[in-house]
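Data from entry_14.cif: mmCIF, C-alpha atoms
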data_target
#
loop_
_atom_site.group_PDB
_atom_site.id
_atom_site.type_symbol
_atom_site.label_atom_id
_atom_site.label_comp_id
_atom_site.auth_asym_id
_atom_site.auth_seq_id
_atom_site.Cartn_x
_atom_site.Cartn_y
_atom_site.Cartn_z
ATOM 1 C CA MET A 1 -30.611 21.452 -0.199
ATOM 2 C CA GLU A 2 -30.846 21.179 -3.990
ATOM 3 C CA ALA A 3 -30.979 17.600 -5.327
ATOM 4 C CA ILE A 4 -32.246 15.311 -8.062
ATOM 5 C CA VAL A 5 -34.678 12.718 -6.703
ATOM 6 C CA TYR A 6 -36.722 9.841 -8.100
ATOM 7 C CA GLU A 7 -39.433 7.892 -6.309
ATOM 8 C CA THR A 8 -40.175 5.132 -8.814
ATOM 9 C CA PHE A 9 -38.277 3.220 -11.499
ATOM 10 C CA GLY A 10 -38.633 4.488 -15.031
ATOM 11 C CA GLY A 11 -37.294 6.741 -17.765
ATOM 12 C CA PRO A 12 -35.638 10.147 -17.434
ATOM 13 C CA GLU A 13 -39.019 11.693 -16.724
ATOM 14 C CA VAL A 14 -39.034 10.211 -13.192
ATOM 15 C CA LEU A 15 -36.130 12.471 -12.186
ATOM 16 C CA ARG A 16 -37.282 15.494 -10.173
ATOM 17 C CA HIS A 17 -35.201 18.583 -9.426
ATOM 18 C CA GLY A 18 -36.106 20.013 -6.047
ATOM 19 C CA GLN A 19 -35.278 20.475 -2.384
ATOM 20 C CA VAL A 20 -34.567 17.700 0.117
ATOM 21 C CA GLU A 21 -33.227 17.606 3.653
ATOM 22 C CA LYS A 22 -29.469 18.015 4.008
ATOM 23 C CA PRO A 23 -27.873 14.750 5.297
ATOM 24 C CA GLU A 24 -26.037 14.782 8.619
ATOM 25 C CA PRO A 25 -22.795 12.799 9.027
ATOM 26 C CA GLY A 26 -22.793 9.943 11.507
ATOM 27 C CA ALA A 27 -19.819 8.382 13.253
ATOM 28 C CA GLY A 28 -16.945 7.886 10.816
ATOM 29 C CA GLU A 29 -18.660 9.835 8.024
ATOM 30 C CA VAL A 30 -17.938 13.142 6.323
ATOM 31 C CA ARG A 31 -20.297 15.456 4.519
ATOM 32 C CA VAL A 32 -19.109 17.226 1.375
ATOM 33 C CA LYS A 33 -20.318 20.262 -0.516
ATOM 34 C CA VAL A 34 -20.471 18.743 -3.993
ATOM 35 C CA VAL A 35 -18.644 20.787 -6.625
ATOM 36 C CA THR A 36 -18.905 18.267 -9.460
ATOM 37 C CA ALA A 37 -20.626 14.886 -9.847
ATOM 38 C CA GLY A 38 -19.943 12.220 -12.443
ATOM 39 C CA VAL A 39 -22.676 10.703 -14.629
ATOM 40 C CA ASN A 40 -22.269 6.980 -15.319
ATOM 41 C CA PRO A 41 -24.239 4.349 -17.273
ATOM 42 C CA VAL A 42 -25.031 2.617 -13.992
ATOM 43 C CA ASP A 43 -27.025 5.729 -12.998
ATOM 44 C CA TYR A 44 -29.695 5.224 -15.674
ATOM 45 C CA LYS A 45 -29.598 1.453 -15.165
ATOM 46 C CA ARG A 46 -30.364 2.013 -11.471
ATOM 47 C CA ARG A 47 -33.159 4.401 -12.466
ATOM 48 C CA TYR A 48 -34.715 1.605 -14.527
ATOM 49 C CA GLY A 49 -34.246 -0.903 -11.678
ATOM 50 C CA LEU A 50 -31.910 -3.081 -13.749
ATOM 51 C CA VAL A 51 -29.053 -3.488 -11.256
ATOM 52 C CA GLU A 52 -30.845 -4.058 -7.968
ATOM 53 C CA GLU A 53 -28.654 -7.106 -7.340
ATOM 54 C CA PHE A 54 -25.632 -4.837 -6.998
ATOM 55 C CA TYR A 55 -27.204 -1.495 -6.000
ATOM 56 C CA PRO A 56 -30.501 -1.958 -4.115
ATOM 57 C CA THR A 57 -32.671 1.162 -4.150
ATOM 58 C CA THR A 58 -34.510 2.810 -1.283
ATOM 59 C CA PHE A 59 -37.011 5.476 -2.347
ATOM 60 C CA PRO A 60 -36.863 8.425 -2.506
ATOM 61 C CA ALA A 61 -33.458 8.008 -4.145
ATOM 62 C CA VAL A 62 -30.780 10.499 -5.191
ATOM 63 C CA PRO A 63 -28.711 9.226 -8.166
ATOM 64 C CA GLY A 64 -24.958 9.311 -8.541
ATOM 65 C CA LEU A 65 -21.982 7.415 -7.136
ATOM 66 C CA GLU A 66 -18.995 9.739 -7.569
ATOM 67 C CA PHE A 67 -18.165 13.308 -6.715
ATOM 68 C CA ALA A 68 -15.496 15.889 -6.095
ATOM 69 C CA GLY A 69 -16.113 18.468 -3.408
ATOM 70 C CA ILE A 70 -15.135 20.185 -0.179
ATOM 71 C CA VAL A 71 -15.544 18.594 3.240
ATOM 72 C CA ASP A 72 -18.284 20.548 4.997
ATOM 73 C CA ALA A 73 -18.763 18.552 8.230
ATOM 74 C CA VAL A 74 -17.267 15.494 9.917
ATOM 75 C CA GLY A 75 -18.826 12.885 12.155
ATOM 76 C CA ASP A 76 -17.475 11.508 15.400
ATOM 77 C CA GLY A 77 -14.226 9.612 15.136
ATOM 78 C CA VAL A 78 -13.181 11.006 11.753
ATOM 79 C CA THR A 79 -9.408 11.494 11.606
ATOM 80 C CA HIS A 80 -8.719 11.129 7.873
ATOM 81 C CA ALA A 81 -10.380 14.394 6.790
ATOM 82 C CA ALA A 82 -11.105 17.889 8.099
ATOM 83 C CA VAL A 83 -13.543 20.652 7.213
ATOM 84 C CA GLY A 84 -12.239 22.525 4.186
ATOM 85 C CA ASP A 85 -10.384 19.572 2.630
ATOM 86 C CA GLU A 86 -10.799 19.177 -1.141
ATOM 87 C CA VAL A 87 -11.606 15.532 -1.885
ATOM 88 C CA LEU A 88 -12.954 13.111 -4.464
ATOM 89 C CA GLY A 89 -14.636 9.798 -3.936
ATOM 90 C CA TRP A 90 -17.782 7.751 -3.541
ATOM 91 C CA THR A 91 -20.967 8.876 -1.862
ATOM 92 C CA THR A 92 -23.388 6.842 0.241
ATOM 93 C CA THR A 93 -26.327 9.235 -0.239
ATOM 94 C CA GLY A 94 -26.176 10.194 -3.947
ATOM 95 C CA ALA A 95 -23.951 12.653 -5.789
ATOM 96 C CA TYR A 96 -26.640 14.510 -7.767
ATOM 97 C CA ALA A 97 -27.058 16.899 -4.873
ATOM 98 C CA GLU A 98 -25.712 20.026 -3.245
ATOM 99 C CA TYR A 99 -24.391 17.996 -0.292
ATOM 100 C CA ALA A 100 -23.591 14.303 0.108
ATOM 101 C CA LEU A 101 -22.228 11.936 2.705
ATOM 102 C CA ALA A 102 -18.986 10.381 1.578
ATOM 103 C CA GLY A 103 -17.957 6.779 1.690
ATOM 104 C CA HIS A 104 -14.418 6.302 0.407
ATOM 105 C CA ILE A 105 -12.498 9.532 -0.225
ATOM 106 C CA ALA A 106 -9.028 10.708 -1.210
ATOM 107 C CA ALA A 107 -7.455 14.144 -1.293
ATOM 108 C CA LYS A 108 -7.872 16.074 -4.538
ATOM 109 C CA PRO A 109 -4.452 17.220 -5.745
ATOM 110 C CA ALA A 110 -4.226 20.976 -6.270
ATOM 111 C CA GLY A 111 -3.418 20.562 -9.969
ATOM 112 C CA LEU A 112 -6.441 18.397 -10.742
ATOM 113 C CA SER A 113 -9.569 20.144 -12.048
ATOM 114 C CA TRP A 114 -12.914 19.569 -10.334
ATOM 115 C CA GLU A 115 -14.343 18.077 -13.534
ATOM 116 C CA ARG A 116 -11.572 15.528 -13.938
ATOM 117 C CA ALA A 117 -11.556 14.735 -10.237
ATOM 118 C CA ALA A 118 -15.222 13.703 -10.396
ATOM 119 C CA SER A 119 -14.542 11.551 -13.455
ATOM 120 C CA LEU A 120 -12.033 9.254 -11.729
ATOM 121 C CA PRO A 121 -13.651 7.233 -8.899
ATOM 122 C CA VAL A 122 -15.960 4.895 -10.841
ATOM 123 C CA ALA A 123 -13.819 4.530 -13.970
ATOM 124 C CA GLY A 124 -10.592 4.094 -12.034
ATOM 125 C CA GLU A 125 -11.961 1.535 -9.576
ATOM 126 C CA THR A 126 -13.745 -0.447 -12.291
ATOM 127 C CA ALA A 127 -10.743 -0.527 -14.623
ATOM 128 C CA GLN A 128 -8.318 -1.502 -11.852
ATOM 129 C CA ARG A 129 -10.665 -4.187 -10.504
ATOM 130 C CA VAL A 130 -11.201 -5.875 -13.876
ATOM 131 C CA LEU A 131 -7.520 -5.766 -14.837
ATOM 132 C CA GLY A 132 -6.822 -7.471 -11.520
ATOM 133 C CA LEU A 133 -9.459 -10.149 -12.128
ATOM 134 C CA LEU A 134 -7.959 -10.830 -15.554
ATOM 135 C CA ARG A 135 -4.440 -11.110 -14.085
ATOM 136 C CA VAL A 136 -2.955 -9.383 -17.132
ATOM 137 C CA LYS A 137 0.738 -8.659 -16.905
ATOM 138 C CA ASP A 138 3.681 -7.130 -18.714
ATOM 139 C CA GLY A 139 4.113 -8.626 -22.188
ATOM 140 C CA GLU A 140 0.562 -9.937 -22.566
ATOM 141 C CA VAL A 141 -2.125 -8.836 -25.031
ATOM 142 C CA LEU A 142 -5.473 -7.518 -23.785
ATOM 143 C CA LEU A 143 -8.519 -7.151 -26.030
ATOM 144 C CA LEU A 144 -10.675 -4.329 -24.688
ATOM 145 C CA HIS A 145 -14.180 -3.831 -26.069
ATOM 146 C CA GLY A 146 -15.507 -0.283 -25.712
ATOM 147 C CA ALA A 147 -11.993 1.067 -25.323
ATOM 148 C CA ALA A 148 -12.892 4.683 -26.112
ATOM 149 C CA GLY A 149 -15.484 4.937 -23.344
ATOM 150 C CA VAL A 150 -14.563 6.423 -19.986
ATOM 151 C CA VAL A 151 -13.923 3.103 -18.213
ATOM 152 C CA GLY A 152 -12.299 1.642 -21.315
ATOM 153 C CA SER A 153 -9.951 4.569 -21.849
ATOM 154 C CA VAL A 154 -8.797 4.521 -18.217
ATOM 155 C CA ALA A 155 -8.218 0.765 -18.486
ATOM 156 C CA VAL A 156 -6.194 1.287 -21.673
ATOM 157 C CA GLN A 157 -3.924 3.798 -19.954
ATOM 158 C CA LEU A 158 -3.423 1.696 -16.819
ATOM 159 C CA ALA A 159 -2.716 -1.417 -18.899
ATOM 160 C CA VAL A 160 -0.296 0.288 -21.291
ATOM 161 C CA ALA A 161 1.586 1.761 -18.334
ATOM 162 C CA ALA A 162 1.967 -1.790 -17.004
ATOM 163 C CA GLY A 163 3.581 -3.009 -20.267
ATOM 164 C CA ILE A 164 0.450 -4.680 -21.655
ATOM 165 C CA THR A 165 -0.397 -4.477 -25.361
ATOM 166 C CA VAL A 166 -4.006 -3.313 -25.736
ATOM 167 C CA VAL A 167 -6.166 -3.961 -28.790
ATOM 168 C CA GLY A 168 -9.166 -1.664 -28.379
ATOM 169 C CA THR A 169 -12.461 -1.856 -30.243
ATOM 170 C CA ALA A 170 -14.263 1.394 -31.060
ATOM 171 C CA SER A 171 -15.960 3.274 -33.865
ATOM 172 C CA LYS A 172 -13.605 4.620 -36.495
ATOM 173 C CA ALA A 173 -14.149 8.180 -35.233
ATOM 174 C CA ASN A 174 -12.406 7.205 -31.980
ATOM 175 C CA HIS A 175 -9.409 5.401 -33.474
ATOM 176 C CA GLU A 176 -7.095 8.402 -33.443
ATOM 177 C CA TYR A 177 -7.895 8.969 -29.770
ATOM 178 C CA LEU A 178 -7.194 5.319 -28.919
ATOM 179 C CA ARG A 179 -3.855 5.443 -30.701
ATOM 180 C CA SER A 180 -2.985 8.615 -28.776
ATOM 181 C CA ILE A 181 -3.344 6.754 -25.461
ATOM 182 C CA GLY A 182 -1.376 3.741 -26.633
ATOM 183 C CA ALA A 183 -3.929 1.229 -27.931
ATOM 184 C CA ILE A 184 -4.093 -0.612 -31.242
ATOM 185 C CA ALA A 185 -7.495 0.471 -32.583
ATOM 186 C CA VAL A 186 -9.851 -1.880 -34.429
ATOM 187 C CA GLN A 187 -13.363 -1.325 -35.760
ATOM 188 C CA TYR A 188 -16.141 -3.171 -33.935
ATOM 189 C CA GLY A 189 -18.930 -4.951 -35.845
ATOM 190 C CA ASP A 190 -19.011 -7.769 -38.388
ATOM 191 C CA GLY A 191 -15.607 -9.335 -39.021
ATOM 192 C CA LEU A 192 -14.287 -8.253 -35.624
ATOM 193 C CA ALA A 193 -12.498 -11.536 -34.853
ATOM 194 C CA GLU A 194 -10.566 -11.371 -38.130
ATOM 195 C CA ARG A 195 -9.546 -7.769 -37.541
ATOM 196 C CA VAL A 196 -8.333 -8.579 -34.034
ATOM 197 C CA ARG A 197 -6.264 -11.494 -35.346
ATOM 198 C CA ALA A 198 -4.696 -9.188 -37.917
ATOM 199 C CA ALA A 199 -3.930 -6.574 -35.262
ATOM 200 C CA ALA A 200 -2.525 -9.126 -32.808
ATOM 201 C CA PRO A 201 -1.118 -12.062 -34.804
ATOM 202 C CA GLN A 202 0.590 -13.310 -31.629
ATOM 203 C CA GLY A 203 -2.844 -13.931 -30.124
ATOM 204 C CA VAL A 204 -4.916 -12.495 -27.273
ATOM 205 C CA ASP A 205 -4.354 -13.418 -23.622
ATOM 206 C CA ALA A 206 -7.372 -11.798 -21.940
ATOM 207 C CA VAL A 207 -10.553 -9.890 -22.789
ATOM 208 C CA PHE A 208 -12.181 -6.954 -20.976
ATOM 209 C CA ASP A 209 -15.707 -6.209 -22.221
ATOM 210 C CA ALA A 210 -16.768 -2.665 -21.332
ATOM 211 C CA ALA A 211 -19.233 -2.428 -24.226
ATOM 212 C CA GLY A 212 -21.850 -5.164 -23.775
ATOM 213 C CA GLN A 213 -22.605 -5.392 -27.480
ATOM 214 C CA GLY A 214 -22.842 -9.162 -27.840
ATOM 215 C CA VAL A 215 -19.084 -9.629 -28.229
ATOM 216 C CA LEU A 216 -18.592 -12.442 -25.725
ATOM 217 C CA PRO A 217 -18.833 -15.328 -28.260
ATOM 218 C CA TYR A 218 -16.134 -13.675 -30.423
ATOM 219 C CA SER A 219 -14.020 -13.097 -27.350
ATOM 220 C CA ILE A 220 -14.160 -16.709 -26.249
ATOM 221 C CA GLU A 221 -13.357 -17.829 -29.787
ATOM 222 C CA LEU A 222 -10.250 -15.624 -29.806
ATOM 223 C CA LEU A 223 -9.102 -17.279 -26.581
ATOM 224 C CA GLY A 224 -9.340 -20.740 -28.103
ATOM 225 C CA GLY A 225 -12.768 -21.509 -26.657
ATOM 226 C CA SER A 226 -11.978 -20.670 -23.031
ATOM 227 C CA ALA A 227 -13.902 -18.100 -20.967
ATOM 228 C CA ASP A 228 -11.449 -18.234 -18.063
ATOM 229 C CA ARG A 229 -9.871 -14.854 -18.811
ATOM 230 C CA VAL A 230 -12.904 -12.926 -20.034
ATOM 231 C CA VAL A 231 -14.631 -10.379 -17.772
ATOM 232 C CA THR A 232 -17.557 -8.126 -18.662
ATOM 233 C CA ILE A 233 -18.993 -5.122 -16.872
ATOM 234 C CA ALA A 234 -21.727 -4.555 -19.445
ATOM 235 C CA ASP A 235 -23.276 -7.803 -20.730
ATOM 236 C CA PRO A 236 -26.127 -9.134 -18.536
ATOM 237 C CA ASN A 237 -25.975 -12.465 -20.397
ATOM 238 C CA ALA A 238 -22.459 -13.190 -19.148
ATOM 239 C CA ALA A 239 -23.472 -16.332 -17.234
ATOM 240 C CA ASP A 240 -24.903 -17.864 -20.420
ATOM 241 C CA HIS A 241 -21.359 -17.863 -21.817
ATOM 242 C CA GLY A 242 -19.567 -18.871 -18.626
ATOM 243 C CA VAL A 243 -18.109 -15.365 -18.336
ATOM 244 C CA VAL A 244 -17.569 -13.432 -15.102
ATOM 245 C CA PHE A 245 -19.738 -10.328 -14.697
ATOM 246 C CA SER A 246 -17.995 -7.874 -12.405
ATOM 247 C CA GLY A 247 -20.209 -5.297 -10.728
ATOM 248 C CA GLY A 248 -18.130 -4.240 -7.739
ATOM 249 C CA GLY A 249 -17.007 -5.657 -4.421
ATOM 250 C CA THR A 250 -13.401 -4.523 -4.217
ATOM 251 C CA ASP A 251 -11.856 -4.349 -0.744
ATOM 252 C CA PRO A 252 -12.465 -0.862 0.786
ATOM 253 C CA GLU A 253 -8.767 -0.314 1.454
ATOM 254 C CA ALA A 254 -8.005 -1.102 -2.180
ATOM 255 C CA VAL A 255 -10.680 1.389 -3.279
ATOM 256 C CA ARG A 256 -9.184 4.183 -1.156
ATOM 257 C CA ALA A 257 -5.650 3.412 -2.299
ATOM 258 C CA GLY A 258 -6.773 3.344 -5.920
ATOM 259 C CA LEU A 259 -8.547 6.689 -5.588
ATOM 260 C CA ALA A 260 -5.410 8.349 -4.276
ATOM 261 C CA GLU A 261 -3.167 6.772 -6.900
ATOM 262 C CA HIS A 262 -5.428 7.605 -9.833
ATOM 263 C CA ALA A 263 -5.819 11.196 -8.615
ATOM 264 C CA ARG A 264 -2.034 11.503 -8.386
ATOM 265 C CA LEU A 265 -1.529 10.108 -11.893
ATOM 266 C CA ALA A 266 -4.199 12.419 -13.313
ATOM 267 C CA ALA A 267 -2.665 15.473 -11.628
ATOM 268 C CA GLU A 268 0.706 14.517 -13.120
ATOM 269 C CA GLY A 269 -0.801 14.210 -16.604
ATOM 270 C CA ARG A 270 -0.243 10.451 -16.739
ATOM 271 C CA LEU A 271 -3.935 9.472 -16.629
ATOM 272 C CA ASP A 272 -6.536 11.415 -18.556
ATOM 273 C CA VAL A 273 -10.304 11.308 -18.917
ATOM 274 C CA ARG A 274 -11.944 13.241 -21.723
ATOM 275 C CA ILE A 275 -14.707 15.582 -20.540
ATOM 276 C CA ALA A 276 -17.571 15.537 -23.026
ATOM 277 C CA GLU A 277 -19.984 18.039 -21.485
ATOM 278 C CA VAL A 278 -20.773 19.764 -18.203
ATOM 279 C CA PHE A 279 -24.436 20.247 -17.216
ATOM 280 C CA PRO A 280 -26.108 22.198 -14.429
ATOM 281 C CA LEU A 281 -27.678 19.865 -11.880
ATOM 282 C CA ALA A 282 -31.175 20.772 -13.054
ATOM 283 C CA ASP A 283 -30.356 19.184 -16.437
ATOM 284 C CA ALA A 284 -29.542 15.764 -14.947
ATOM 285 C CA ALA A 285 -32.254 14.081 -17.039
ATOM 286 C CA LYS A 286 -30.650 15.429 -20.236
ATOM 287 C CA ALA A 287 -27.261 14.155 -19.095
ATOM 288 C CA GLN A 288 -28.662 10.697 -18.395
ATOM 289 C CA GLU A 289 -30.396 10.620 -21.792
ATOM 290 C CA LEU A 290 -27.081 11.382 -23.477
ATOM 291 C CA SER A 291 -25.360 8.725 -21.371
ATOM 292 C CA GLU A 292 -27.990 6.144 -22.295
ATOM 293 C CA ALA A 293 -27.718 6.976 -25.997
ATOM 294 C CA GLY A 294 -24.050 5.986 -25.769
ATOM 295 C CA HIS A 295 -22.690 8.684 -28.048
ATOM 296 C CA ALA A 296 -20.973 10.987 -25.565
ATOM 297 C CA ARG A 297 -17.273 11.318 -26.342
ATOM 298 C CA GLY A 298 -15.995 11.371 -22.832
ATOM 299 C CA LYS A 299 -17.284 12.015 -19.333
ATOM 300 C CA LEU A 300 -20.547 13.768 -18.523
ATOM 301 C CA ILE A 301 -20.393 16.004 -15.453
ATOM 302 C CA LEU A 302 -23.035 17.726 -13.319
ATOM 303 C CA LYS A 303 -22.457 20.925 -11.327
ATOM 304 C CA PRO A 304 -24.888 21.727 -8.488
#

What would you get if you wrote out this structure as C-alpha cells?
Amino acid sequence: MEAIVYETFGGPEVLRHGQVEKPEPGAGEVRVKVVTAGVNPVDYKRRYGLVEEFYPTTFPAVPGLEFAGIVDAVGDGVTHAAVGDEVLGWTTTGAYAEYALAGHIAAKPAGLSWERAASLPVAGETAQRVLGLLRVKDGEVLLLHGAAGVVGSVAVQLAVAAGITVVGTASKANHEYLRSIGAIAVQYGDGLAERVRAAAPQGVDAVFDAAGQGVLPYSIELLGGSADRVVTIADPNAADHGVVFSGGGTDPEAVRAGLAEHARLAAEGRLDVRIAEVFPLADAAKAQELSEAGHARGKLILKP
C-alpha cells in the first residue's frame, strides 16, 4: 500500500513516500481505507523525537494520529463496525497511509465532509480533555493562548457553548475569526497581561495554553500567582512553573463518546474547523513544514 515512512528522527527530509505492507486487523480491530488524514504539530514533534515520553516510536514509522475513512476489514470479535461503514477516529498504525488499523472510531455523519471529519479527533479530544482538567464552568472566564489554532478554536467553541467567557490570544489577522466564534480577541506579545485585564476586568479563572510561546509566567500572574488552574499542551517547560502539561491519557470510553459528539456537532454546523489546505499524500513533508512554521490558518489535510 502507499504510505509515508521514516526510519530515523530528523527533519522533513527523513519522510519517504513509498510502498509498505498493508496491515491486517487483529482481534477487536478494524482496518480502514483512509480517505483523509489530519496533520498535527505532534506529527513533526514525533519526527524529531521530541515527544517519546508520550508517543514512543518504533521504526519504520508511519506518521499521523487521525483519519476519516471507510471500514475495509474487521478482526475477530468486532461488533461496533462493519465493512463499508464511514468512520473517523484514531489509528494505531499511522494515518499517512492508504490503509490503517483503527483504535477509537465513531460513525461519520452523512452531512460531514471527509476533510472536516479528519480534522476533529485530535483537536476535539485535546480541547475537551484540557477544559475538563481546568474544571471551567458556566459564568467563568477562560484565557486561551493560541485561540485561533485548530485545537484553540475547537476549545473556544466548546467553552462558549458551555456558557464560559473566552479571552483568546492571537495575531491581529485572526481577531475577526475569533470574534465570529464567540471569543474576546486580544493581541499576543508584549503588554499581554495588561490587554487581558482590560478585556476581562472581572478577572480570569483559568488558563489554557495551546501556543507554547513563553506565556506561562503571565498566565500565573493573571491568576494571582497560582498555577493550579493553568494547563499547557505546548510548553515543554511547564514543570519549571508548576504547571500541568497535558499530553493525553483520557479514558478510552470518553474518547469514543467525544468523537461521536464532536462529529454530531460538526455535522449540525455547531462546531467548525477551518481547513487551510489539502495535500496529496506524497506532499506530506510540505504539509509538515507548513505545520511547523505555524502560519497555517486552519487544518492541514492529506489525501492518499

_Distance in Å - CA of His175 (chain A) versus CA of Pro201 (chain A)_ = 19.4 Å

*Step by step, work through what the PyMOL selection byres ((chain A and resi 166) around 9) selects in the shown file, and finish by giving those residues as number ranges by chain.*
A: 140-144, 156, 159-160, 164-165, 167-168, 182-185

*Of the candidates A:Leu134, A:Leu271, A:Ala227, A:Ala257, which shows the shortest atom-to-atom distance to Phe208 (chain A), using all atoms listed in the file?*
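Checking each of A:Leu134, A:Leu271, A:Ala227, A:Ala257 against Phe208 (chain A), counting all atoms listed in the file, the winner is A:Leu134.
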
_Measuring between only C-alpha atoms, which one of A:Thr8, A:Gln157, A:Asn237, A:Ser171 shows the shortest distance to Phe59 (chain A)?_
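Among A:Thr8, A:Gln157, A:Asn237, A:Ser171, it is A:Thr8 that comes nearest to Phe59 (chain A).
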
*Could you tell me how far CA of Gly191 (chain A) lies from CA of Asp228 (chain A), in Å and to one decimal?*
23.1 Å

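Comparing the minimum interatomic distances between Gly10 (chain A) and each of A:Pro217, A:Gly49, A:Gly152, A:Gly75, counting only C-alpha atoms, we find that A:Gly49 sits nearest.
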
*Have a look at CA of Glu277 (chain A) and CA of Lys299 (chain A) and let me know their distance in Å, one decimal.*
6.9 Å

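Every residue that the PyMOL selection byres ((chain A and resi 89-97) around 7) selects in this file is listed here: Glu2, Ala3, Ile4, Val34, Ala37, Val62, Pro63, Gly64, Leu65, Glu66, Phe67, Ala68, Val87, Leu88, Glu98, Tyr99, Ala100, Leu101, Ala102, Gly103, His104, Ile105, Ala106, Pro121, Leu281 and Pro304 of chain A.
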
_Ground truth for the PyMOL selection byres ((chain A and resi 172) around 9), written as a list of chain:residue names_ = A:Ala170, A:Ser171, A:Ala173, A:Asn174, A:His175, A:Glu176, A:Ala185, A:Val186, A:Gln187, A:Tyr188

Output of the above residues as an mmCIF file, in the coordinates of the input, restricted to C-alpha atoms:
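Dumped to selection.cif:
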data_model
loop_
_atom_site.group_PDB
_atom_site.id
_atom_site.type_symbol
_atom_site.label_atom_id
_atom_site.label_comp_id
_atom_site.auth_asym_id
_atom_site.auth_seq_id
_atom_site.Cartn_x
_atom_site.Cartn_y
_atom_site.Cartn_z
ATOM 1 C CA ALA A 170 -14.263 1.394 -31.060
ATOM 2 C CA SER A 171 -15.960 3.274 -33.865
ATOM 3 C CA ALA A 173 -14.149 8.180 -35.233
ATOM 4 C CA ASN A 174 -12.406 7.205 -31.980
ATOM 5 C CA HIS A 175 -9.409 5.401 -33.474
ATOM 6 C CA GLU A 176 -7.095 8.402 -33.443
ATOM 7 C CA ALA A 185 -7.495 0.471 -32.583
ATOM 8 C CA VAL A 186 -9.851 -1.880 -34.429
ATOM 9 C CA GLN A 187 -13.363 -1.325 -35.760
ATOM 10 C CA TYR A 188 -16.141 -3.171 -33.935
#

*Pick from A:Leu112, A:Leu265, A:Met1, A:Ile233: nearest to Gln213 (chain A), with all atoms listed in the file counted?*
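Smallest separation from Gln213 (chain A) among the options: A:Ile233.
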
*Please tell me which residues are no farther than 7 Å from (-15.7, 17.1, -12.5) in the file, counting all atoms listed in the file, and write them as number ranges by chain.*
A: 36-38, 68, 113-119, 301

Any chance you can output those residues with C-alpha atoms as a compact mmCIF listing (two decimals), keeping the file's coordinate frame?
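File produced: again-v1.txt:
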# COMPACT_ATOMS: atom_id res chain seq x y z
CA THR A 36 -18.90 18.27 -9.46
CA ALA A 37 -20.63 14.89 -9.85
CA GLY A 38 -19.94 12.22 -12.44
CA ALA A 68 -15.50 15.89 -6.10
CA SER A 113 -9.57 20.14 -12.05
CA TRP A 114 -12.91 19.57 -10.33
CA GLU A 115 -14.34 18.08 -13.53
CA ARG A 116 -11.57 15.53 -13.94
CA ALA A 117 -11.56 14.74 -10.24
CA ALA A 118 -15.22 13.70 -10.40
CA SER A 119 -14.54 11.55 -13.46
CA ILE A 301 -20.39 16.00 -15.45

*Could you pull the residues within 8 Å of Arg16 (chain A), counting all atoms listed in the file, minus those fewer than 2 positions along the same chain, as a PyMOL selection string?*
chain A and resi 4-6+13-14+18

_Selected residue, from A:Ala200, A:Leu216, A:Ala206, A:Ala267, that lies nearest to Gly242 (chain A) when counting only C-alpha atoms_ =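 So, comparing all the options, the nearest one is A:Leu216.
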
Arg274 (chain A): which residues within 8 Å, counting only C-alpha atoms, same-chain residues fewer than 5 positions away excluded, as an mmCIF file with C-alpha atoms, keeping the file's coordinate frame?
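Output file selection.cif is given in full below:
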data_model
loop_
_atom_site.group_PDB
_atom_site.id
_atom_site.type_symbol
_atom_site.label_atom_id
_atom_site.label_comp_id
_atom_site.auth_asym_id
_atom_site.auth_seq_id
_atom_site.Cartn_x
_atom_site.Cartn_y
_atom_site.Cartn_z
ATOM 1 C CA VAL A 150 -14.563 6.423 -19.986
ATOM 2 C CA ARG A 297 -17.273 11.318 -26.342
ATOM 3 C CA GLY A 298 -15.995 11.371 -22.832
ATOM 4 C CA LYS A 299 -17.284 12.015 -19.333
#

*Name the residues in contact with Val130 (chain A) at a cut-off of 9 Å, using only C-alpha atoms, excluding same-chain residues fewer than 2 positions from it; report them as a ChimeraX atom specification.*
/A:125-128,132-135,155,208,231-233,246

_Of the listed residues A:Leu131, A:Val154, A:Val20, A:Val39, that which approaches Pro280 (chain A) most closely, counting all atoms listed in the file_ =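 The closest residue to Pro280 (chain A) is A:Val39.
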